[in-house]
Amino acid sequence: MSKQLLSTFPNEFGIATLSLGNWREHRLQPRLEAAAKAGYKWIDLFDECWAAYLEEHGLPGDQLWEATPMNLQLAQRLGDLVKSLGMRIACTQPLRKIEGVKDPAERREILDLVAKRFPFMRAFDTDLVFMCASIRTDSGVTSDLQTVARDLAELGDMAAAYARADGGRMLKIGYEGLSWATRNTWSSSWEAVRFANRPNVGLIVDAFNVLAVEFADPLNPAGHGRLFPTLEESIDVLKGSLASLAATVPGDRIFFFQCGDAELVDPMAIRPTERDTPALLPWSRGHRLFPLEQARGGYMPVELVAAAVLATGYNGPISLEVFNHSLNQPGEHVPEEHAARGMASLLKLAAAATALPAFWTGEQEAREAVDTVVRRLRPQKSQL
């Protein structure tokens with residue numbers, strides 16, 4: 001797919017601020033300018049990048065969600081900058097360790113922390129608050145469906161009440177299943193969203209996190225990184241899950257779609273050094289790639305996830321969320337190089353996803369889709 005054909009593709013492209021360079025080495029404005037130059041239309045604003053932007057302008061970064069006049073003025077300035085570059089802020093993230101808290105006082109305090117973002121949504125001119133499934137495993141939390149759904153419902157009600165009070169557009173709560181969280185699949189996250197039963201509470205699908213659970217295993221001692229003995233079986237089982245997503249999740253209940261591939265690495269190089277570190281975290285934070293970057297070691301069938309999400313009727317951005325050690329390097333070239341790499345990958349992904357047979361519609365199409373993906377990945381398997 002060429003850039004000339006983008007006018008016929010229904011979804012615009014976005015990128016996370018942290019996928020353009022680390023905030024420690026790269027100021028936010030040059031990263032945004034690099035994204036605009038590459039053709040992105042949406043920006044996923046990470047908390048760390050917003051905090052660094054505050055500090056760059058003489059404000060305390062550890063008070064990033066305090067609705068002071070100066071903080072809100074700078075937030076509006078940032079939103080205006082993004083719009084002046086021809087882009088919009090899609091969401092702010094990440095909210096972690098929110099749902100399932102048992103203690104009523106602690107629960108109230110945590111839910112109110114979410115609400116502190118609402119004034120900034122208006123200042124940034126965005127409407128989506130991005131929430132990750134909780135990774136807490138202590139006795140103070142529960143993953144009980146009723147409890148999690150109740151918390152999501154209350155957050156949705158708080159966001160709706162804020163929107164009614166100020167007369168602005170509806171604020172939304174998006175819920176993502178992290179691959180190292182208790183709710184670590186798209187289906188378990190969708191279950192919680194569905195039971196919350198609020199129109200402004202929706203699902204966030206992250207291709208990397210879907211594949212990290214349902215396809216890849218970077219700590220596999222055999223080094224092939226797949227859960228099943230053969231590539232065909234791995235793809236076939238994944239296809240079944242994603243066919244269910246395409247058939248059961250309405251497109252308007254997916255609030256955001258993120259994409260990322262990953263590289264195979266020596267399992268010893270990504271084993272956590274601290275006891276409480278989730279097993280997948282070092283791989284996720286240092287070894288993601290842009291979609292379909294096989295030449296760099298990418299080996300995941302991201303196009304299957306993208307095809308399933310598009311089949312739901314989802315019409316929002318396809319956004320890149322990639323963390324890699326290469327983003328920590330200094331140098332003005334880093335944002336531009338990663339922005340260009342990401343755009344090239346998104347164009348390739350869009351072409352691959354739309355060319356796949358509709359595997360959610362019938363057995364013949366499913367077999368053809370599996371064969372198509374296996375053929376793409378087979379050369380990579382021979383190198384492992």
# chains A, B, ... in the order shown; residues from 1 in each chain; ligands from 1

$ residues_around --residues "segment 17-27 of chain A" --least-positions-apart "4" --cutoff "7 Å" --atoms "only C-alpha atoms" --output "number ranges by chain"
A: 31, 43-46, 48-49, 52, 321-323, 327-328, 330, 334-335, 338-339

$ select_by_dssp --residues "segment 169-280 of chain A" --states "helix (DSSP H, G or I)" --output "ChimeraX atom specification"
/A:186-196,207-214,231-248,251-253,267-270

$ write_last_selection --atoms "N, CA and C atoms" --output "compact mmCIF listing (two decimals), in the first residue's frame"
# COMPACT_ATOMS: atom_id res chain seq x y z
N TRP A 186 -7.73 -10.52 25.06
CA TRP A 186 -8.76 -9.60 24.58
C TRP A 186 -10.13 -10.05 25.08
N SER A 187 -10.35 -11.36 25.17
CA SER A 187 -11.68 -11.87 25.54
C SER A 187 -12.00 -11.60 27.01
N SER A 188 -11.01 -11.75 27.90
CA SER A 188 -11.30 -11.48 29.31
C SER A 188 -11.47 -9.98 29.56
N SER A 189 -10.77 -9.16 28.80
CA SER A 189 -10.95 -7.71 28.92
C SER A 189 -12.31 -7.30 28.36
N TRP A 190 -12.69 -7.90 27.22
CA TRP A 190 -13.98 -7.61 26.63
C TRP A 190 -15.11 -8.06 27.56
N GLU A 191 -14.91 -9.17 28.25
CA GLU A 191 -15.91 -9.64 29.21
C GLU A 191 -16.17 -8.57 30.27
N ALA A 192 -15.11 -7.97 30.80
CA ALA A 192 -15.28 -6.94 31.82
C ALA A 192 -15.96 -5.70 31.25
N VAL A 193 -15.58 -5.30 30.04
CA VAL A 193 -16.20 -4.14 29.40
C VAL A 193 -17.68 -4.40 29.14
N ARG A 194 -17.97 -5.60 28.66
CA ARG A 194 -19.37 -5.94 28.34
C ARG A 194 -20.23 -5.94 29.60
N PHE A 195 -19.70 -6.47 30.70
CA PHE A 195 -20.48 -6.52 31.93
C PHE A 195 -20.58 -5.15 32.59
N ALA A 196 -19.62 -4.26 32.32
CA ALA A 196 -19.74 -2.90 32.84
C ALA A 196 -20.96 -2.20 32.25
N ALA A 207 -2.15 -5.29 19.64
CA ALA A 207 -1.73 -6.49 18.92
C ALA A 207 -0.57 -7.19 19.62
N PHE A 208 0.39 -6.42 20.13
CA PHE A 208 1.51 -7.06 20.81
C PHE A 208 1.02 -7.86 22.01
N ASN A 209 0.15 -7.26 22.84
CA ASN A 209 -0.30 -7.96 24.04
C ASN A 209 -1.18 -9.16 23.70
N VAL A 210 -1.95 -9.07 22.63
CA VAL A 210 -2.72 -10.23 22.19
C VAL A 210 -1.77 -11.37 21.80
N LEU A 211 -0.78 -11.04 20.99
CA LEU A 211 0.12 -12.07 20.47
C LEU A 211 1.07 -12.60 21.52
N ALA A 212 1.45 -11.76 22.48
CA ALA A 212 2.35 -12.21 23.54
C ALA A 212 1.72 -13.30 24.39
N VAL A 213 0.39 -13.35 24.44
CA VAL A 213 -0.31 -14.38 25.20
C VAL A 213 -0.74 -15.54 24.31
N GLU A 214 -1.25 -15.23 23.13
CA GLU A 214 -1.91 -16.24 22.32
C GLU A 214 -1.04 -16.80 21.19
N LEU A 231 4.40 -24.09 13.57
CA LEU A 231 3.91 -22.75 13.23
C LEU A 231 2.47 -22.82 12.77
N GLU A 232 2.12 -23.86 12.00
CA GLU A 232 0.75 -24.00 11.50
C GLU A 232 -0.25 -24.08 12.65
N GLU A 233 0.07 -24.87 13.66
CA GLU A 233 -0.85 -25.01 14.79
C GLU A 233 -0.96 -23.70 15.56
N SER A 234 0.16 -23.02 15.75
CA SER A 234 0.13 -21.74 16.45
C SER A 234 -0.79 -20.75 15.75
N ILE A 235 -0.64 -20.64 14.42
CA ILE A 235 -1.46 -19.71 13.65
C ILE A 235 -2.92 -20.13 13.65
N ASP A 236 -3.16 -21.45 13.56
CA ASP A 236 -4.53 -21.95 13.50
C ASP A 236 -5.28 -21.64 14.79
N VAL A 237 -4.65 -21.87 15.94
CA VAL A 237 -5.30 -21.58 17.22
C VAL A 237 -5.53 -20.08 17.38
N LEU A 238 -4.55 -19.28 17.02
CA LEU A 238 -4.70 -17.82 17.08
C LEU A 238 -5.83 -17.36 16.17
N LYS A 239 -5.89 -17.94 14.98
CA LYS A 239 -6.95 -17.58 14.04
C LYS A 239 -8.32 -17.80 14.62
N GLY A 240 -8.51 -18.90 15.36
CA GLY A 240 -9.80 -19.17 15.98
C GLY A 240 -10.19 -18.12 16.99
N SER A 241 -9.23 -17.70 17.80
CA SER A 241 -9.50 -16.65 18.78
C SER A 241 -9.88 -15.34 18.10
N LEU A 242 -9.13 -14.97 17.08
CA LEU A 242 -9.37 -13.69 16.41
C LEU A 242 -10.64 -13.72 15.57
N ALA A 243 -11.00 -14.88 15.06
CA ALA A 243 -12.29 -15.00 14.36
C ALA A 243 -13.43 -14.71 15.33
N SER A 244 -13.26 -15.15 16.57
CA SER A 244 -14.27 -14.85 17.60
C SER A 244 -14.34 -13.36 17.88
N LEU A 245 -13.19 -12.70 17.93
CA LEU A 245 -13.18 -11.25 18.12
C LEU A 245 -13.94 -10.56 17.00
N ALA A 246 -13.63 -10.94 15.77
CA ALA A 246 -14.28 -10.30 14.62
C ALA A 246 -15.79 -10.51 14.63
N ALA A 247 -16.24 -11.66 15.14
CA ALA A 247 -17.65 -12.00 15.10
C ALA A 247 -18.45 -11.47 16.29
N THR A 248 -17.78 -11.17 17.40
CA THR A 248 -18.53 -10.87 18.63
C THR A 248 -18.36 -9.47 19.17
N GLY A 251 -17.54 -3.00 16.37
CA GLY A 251 -16.44 -2.09 16.10
C GLY A 251 -16.49 -0.81 16.91
N ASP A 252 -17.71 -0.33 17.22
CA ASP A 252 -17.79 0.91 17.98
C ASP A 252 -17.51 0.73 19.46
N ARG A 253 -17.31 -0.53 19.91
CA ARG A 253 -16.93 -0.77 21.30
C ARG A 253 -15.42 -0.96 21.45
N PRO A 267 16.68 -16.11 25.45
CA PRO A 267 15.87 -16.07 26.66
C PRO A 267 16.63 -15.59 27.90
N MET A 268 17.91 -15.90 27.98
CA MET A 268 18.69 -15.48 29.14
C MET A 268 18.83 -13.96 29.20
N ALA A 269 18.75 -13.31 28.05
CA ALA A 269 18.94 -11.86 27.99
C ALA A 269 17.72 -11.11 28.50
N ILE A 270 16.58 -11.78 28.58
CA ILE A 270 15.36 -11.08 29.00
C ILE A 270 14.75 -11.69 30.26

$ closest_residue --among "A:Phe290, A:Lys41, A:Phe124, A:Arg107" --to "Asn71 of chain A" --atoms "only C-alpha atoms"
A:Phe124

$ closest_residue --among "A:Glu66, A:Asp217, A:Glu368, A:Glu55" --to "Glu263 of chain A" --atoms "only C-alpha atoms"
A:Asp217

$ closest_residue --among "A:Val148, A:Leu155, A:Thr354, A:Ser143" --to "Asn11 of chain A" --atoms "only C-alpha atoms"
A:Thr354

$ atom_distance --atom1 "atom CA of Val302 of chain A" --atom2 "atom CA of Arg341 of chain A"
15.9 Å

$ residues_around --residues "Met170 of chain A" --least-positions-apart "3" --cutoff "9 Å" --atoms "only C-alpha atoms" --output "list of chain:residue names"
A:Asp127, A:Ala159, A:Ala160, A:Tyr162, A:Ala163, A:Arg164, A:Gly167, A:Asn200

$ write_last_selection --atoms "N, CA and C atoms" --output "PDB file, in the first residue's frame"
ATOM      1  N   ASP A 127     -10.641  12.735  24.149  1.00  0.00           N
ATOM      2  CA  ASP A 127     -11.775  12.224  24.921  1.00  0.00           C
ATOM      3  C   ASP A 127     -11.540  10.850  25.525  1.00  0.00           C
ATOM      4  N   ALA A 159     -17.019   9.753  34.255  1.00  0.00           N
ATOM      5  CA  ALA A 159     -16.660  10.467  33.029  1.00  0.00           C
ATOM      6  C   ALA A 159     -17.893  11.088  32.379  1.00  0.00           C
ATOM      7  N   ALA A 160     -18.991  10.358  32.372  1.00  0.00           N
ATOM      8  CA  ALA A 160     -20.231  10.890  31.788  1.00  0.00           C
ATOM      9  C   ALA A 160     -20.752  12.080  32.583  1.00  0.00           C
ATOM     10  N   TYR A 162     -19.001  14.175  34.321  1.00  0.00           N
ATOM     11  CA  TYR A 162     -18.130  15.323  34.033  1.00  0.00           C
ATOM     12  C   TYR A 162     -18.533  15.954  32.695  1.00  0.00           C
ATOM     13  N   ALA A 163     -18.787  15.123  31.695  1.00  0.00           N
ATOM     14  CA  ALA A 163     -19.169  15.639  30.385  1.00  0.00           C
ATOM     15  C   ALA A 163     -20.506  16.362  30.439  1.00  0.00           C
ATOM     16  N   ARG A 164     -21.448  15.825  31.181  1.00  0.00           N
ATOM     17  CA  ARG A 164     -22.737  16.505  31.307  1.00  0.00           C
ATOM     18  C   ARG A 164     -22.586  17.851  32.003  1.00  0.00           C
ATOM     19  N   GLY A 167     -20.728  20.252  29.554  1.00  0.00           N
ATOM     20  CA  GLY A 167     -21.345  20.384  28.242  1.00  0.00           C
ATOM     21  C   GLY A 167     -20.461  19.971  27.081  1.00  0.00           C
ATOM     22  N   ASN A 200     -19.806   4.455  27.261  1.00  0.00           N
ATOM     23  CA  ASN A 200     -18.522   5.169  27.202  1.00  0.00           C
ATOM     24  C   ASN A 200     -17.389   4.382  27.854  1.00  0.00           C
TER      25      ASN A 200
END

$ closest_residue --among "A:Ala307, A:Leu111, A:Thr126, A:Lys97" --to "Thr182 of chain A" --atoms "only C-alpha atoms"
A:Lys97

$ closest_residue --among "A:Ala16, A:Ile89, A:Ala344, A:Leu145" --to "Gln258 of chain A" --atoms "only C-alpha atoms"
A:Ala16

$ residues_around --residues "Gly297 of chain A" --least-positions-apart "2" --cutoff "9 Å" --atoms "only C-alpha atoms" --output "ChimeraX atom specification"
/A:262-265,289,293-295,299,380

$ select_by_dssp --residues "segment 6-60 of chain A" --states "strand (DSSP E or B)" --output "VMD selection string"
chain A and resid 13 to 16 42 to 46

$ write_last_selection --atoms "N, CA and C atoms" --output "compact mmCIF listing (two decimals), in the first residue's frame"
# COMPACT_ATOMS: atom_id res chain seq x y z
N PHE A 13 -3.60 6.78 10.74
CA PHE A 13 -2.47 6.20 11.46
C PHE A 13 -2.03 7.10 12.60
N GLY A 14 -1.61 6.45 13.69
CA GLY A 14 -1.12 7.17 14.86
C GLY A 14 0.13 6.52 15.41
N ILE A 15 0.75 7.21 16.38
CA ILE A 15 1.95 6.69 17.00
C ILE A 15 2.05 7.22 18.43
N ALA A 16 2.55 6.38 19.33
CA ALA A 16 2.75 6.79 20.72
C ALA A 16 4.00 7.67 20.82
N TRP A 42 -2.53 10.97 14.39
CA TRP A 42 -2.91 10.82 15.80
C TRP A 42 -1.68 10.58 16.66
N ILE A 43 -1.73 11.13 17.86
CA ILE A 43 -0.66 10.98 18.84
C ILE A 43 -1.23 10.37 20.12
N ASP A 44 -0.58 9.35 20.61
CA ASP A 44 -0.91 8.70 21.88
C ASP A 44 0.08 9.25 22.91
N LEU A 45 -0.42 10.11 23.80
CA LEU A 45 0.44 10.86 24.71
C LEU A 45 0.70 10.06 25.98
N PHE A 46 1.97 9.72 26.20
CA PHE A 46 2.36 8.99 27.41
C PHE A 46 2.58 9.96 28.57

$ residues_around --residues "Leu72 of chain A" --least-positions-apart "6" --cutoff "8 Å" --atoms "only C-alpha atoms" --output "ChimeraX atom specification"
/A:119-120,123

$ write_last_selection --atoms "all heavy atoms" --output "short mmCIF file (atom, residue, chain, number, x, y, z; two decimals), in the first residue's frame"
data_model
loop_
_atom_site.label_atom_id
_atom_site.label_comp_id
_atom_site.auth_asym_id
_atom_site.auth_seq_id
_atom_site.Cartn_x
_atom_site.Cartn_y
_atom_site.Cartn_z
N PRO A 119 -10.18 17.15 33.42
CA PRO A 119 -9.95 18.53 32.91
C PRO A 119 -8.87 18.60 31.85
O PRO A 119 -8.93 19.44 30.94
CB PRO A 119 -9.54 19.30 34.18
CG PRO A 119 -10.06 18.50 35.31
CD PRO A 119 -9.98 17.08 34.87
N PHE A 120 -7.88 17.71 31.94
CA PHE A 120 -6.81 17.72 30.96
C PHE A 120 -7.28 17.15 29.62
O PHE A 120 -6.75 17.53 28.56
CB PHE A 120 -5.61 16.92 31.49
CG PHE A 120 -4.90 17.62 32.61
CD1 PHE A 120 -5.29 17.43 33.93
CD2 PHE A 120 -3.86 18.49 32.34
CE1 PHE A 120 -4.64 18.08 34.96
CE2 PHE A 120 -3.20 19.16 33.37
CZ PHE A 120 -3.60 18.96 34.68
N ALA A 123 -8.44 20.13 27.92
CA ALA A 123 -7.33 21.00 27.52
C ALA A 123 -6.57 20.42 26.33
O ALA A 123 -6.18 21.16 25.41
CB ALA A 123 -6.39 21.22 28.70
#

$ residues_around --residues "Arg108 of chain A" --least-positions-apart "6" --cutoff "12 Å" --atoms "only C-alpha atoms" --output "ChimeraX atom specification"
/A:98-102,114-115,151,154-155,158

$ atom_distance --atom1 "atom CA of Val249 of chain A" --atom2 "atom CA of Trp360 of chain A"
12.4 Å

$ residues_around --residues "Gly86 of chain A" --least-positions-apart "4" --cutoff "12 Å" --atoms "only C-alpha atoms" --output "ChimeraX atom specification"
/A:14,32-43,79-82
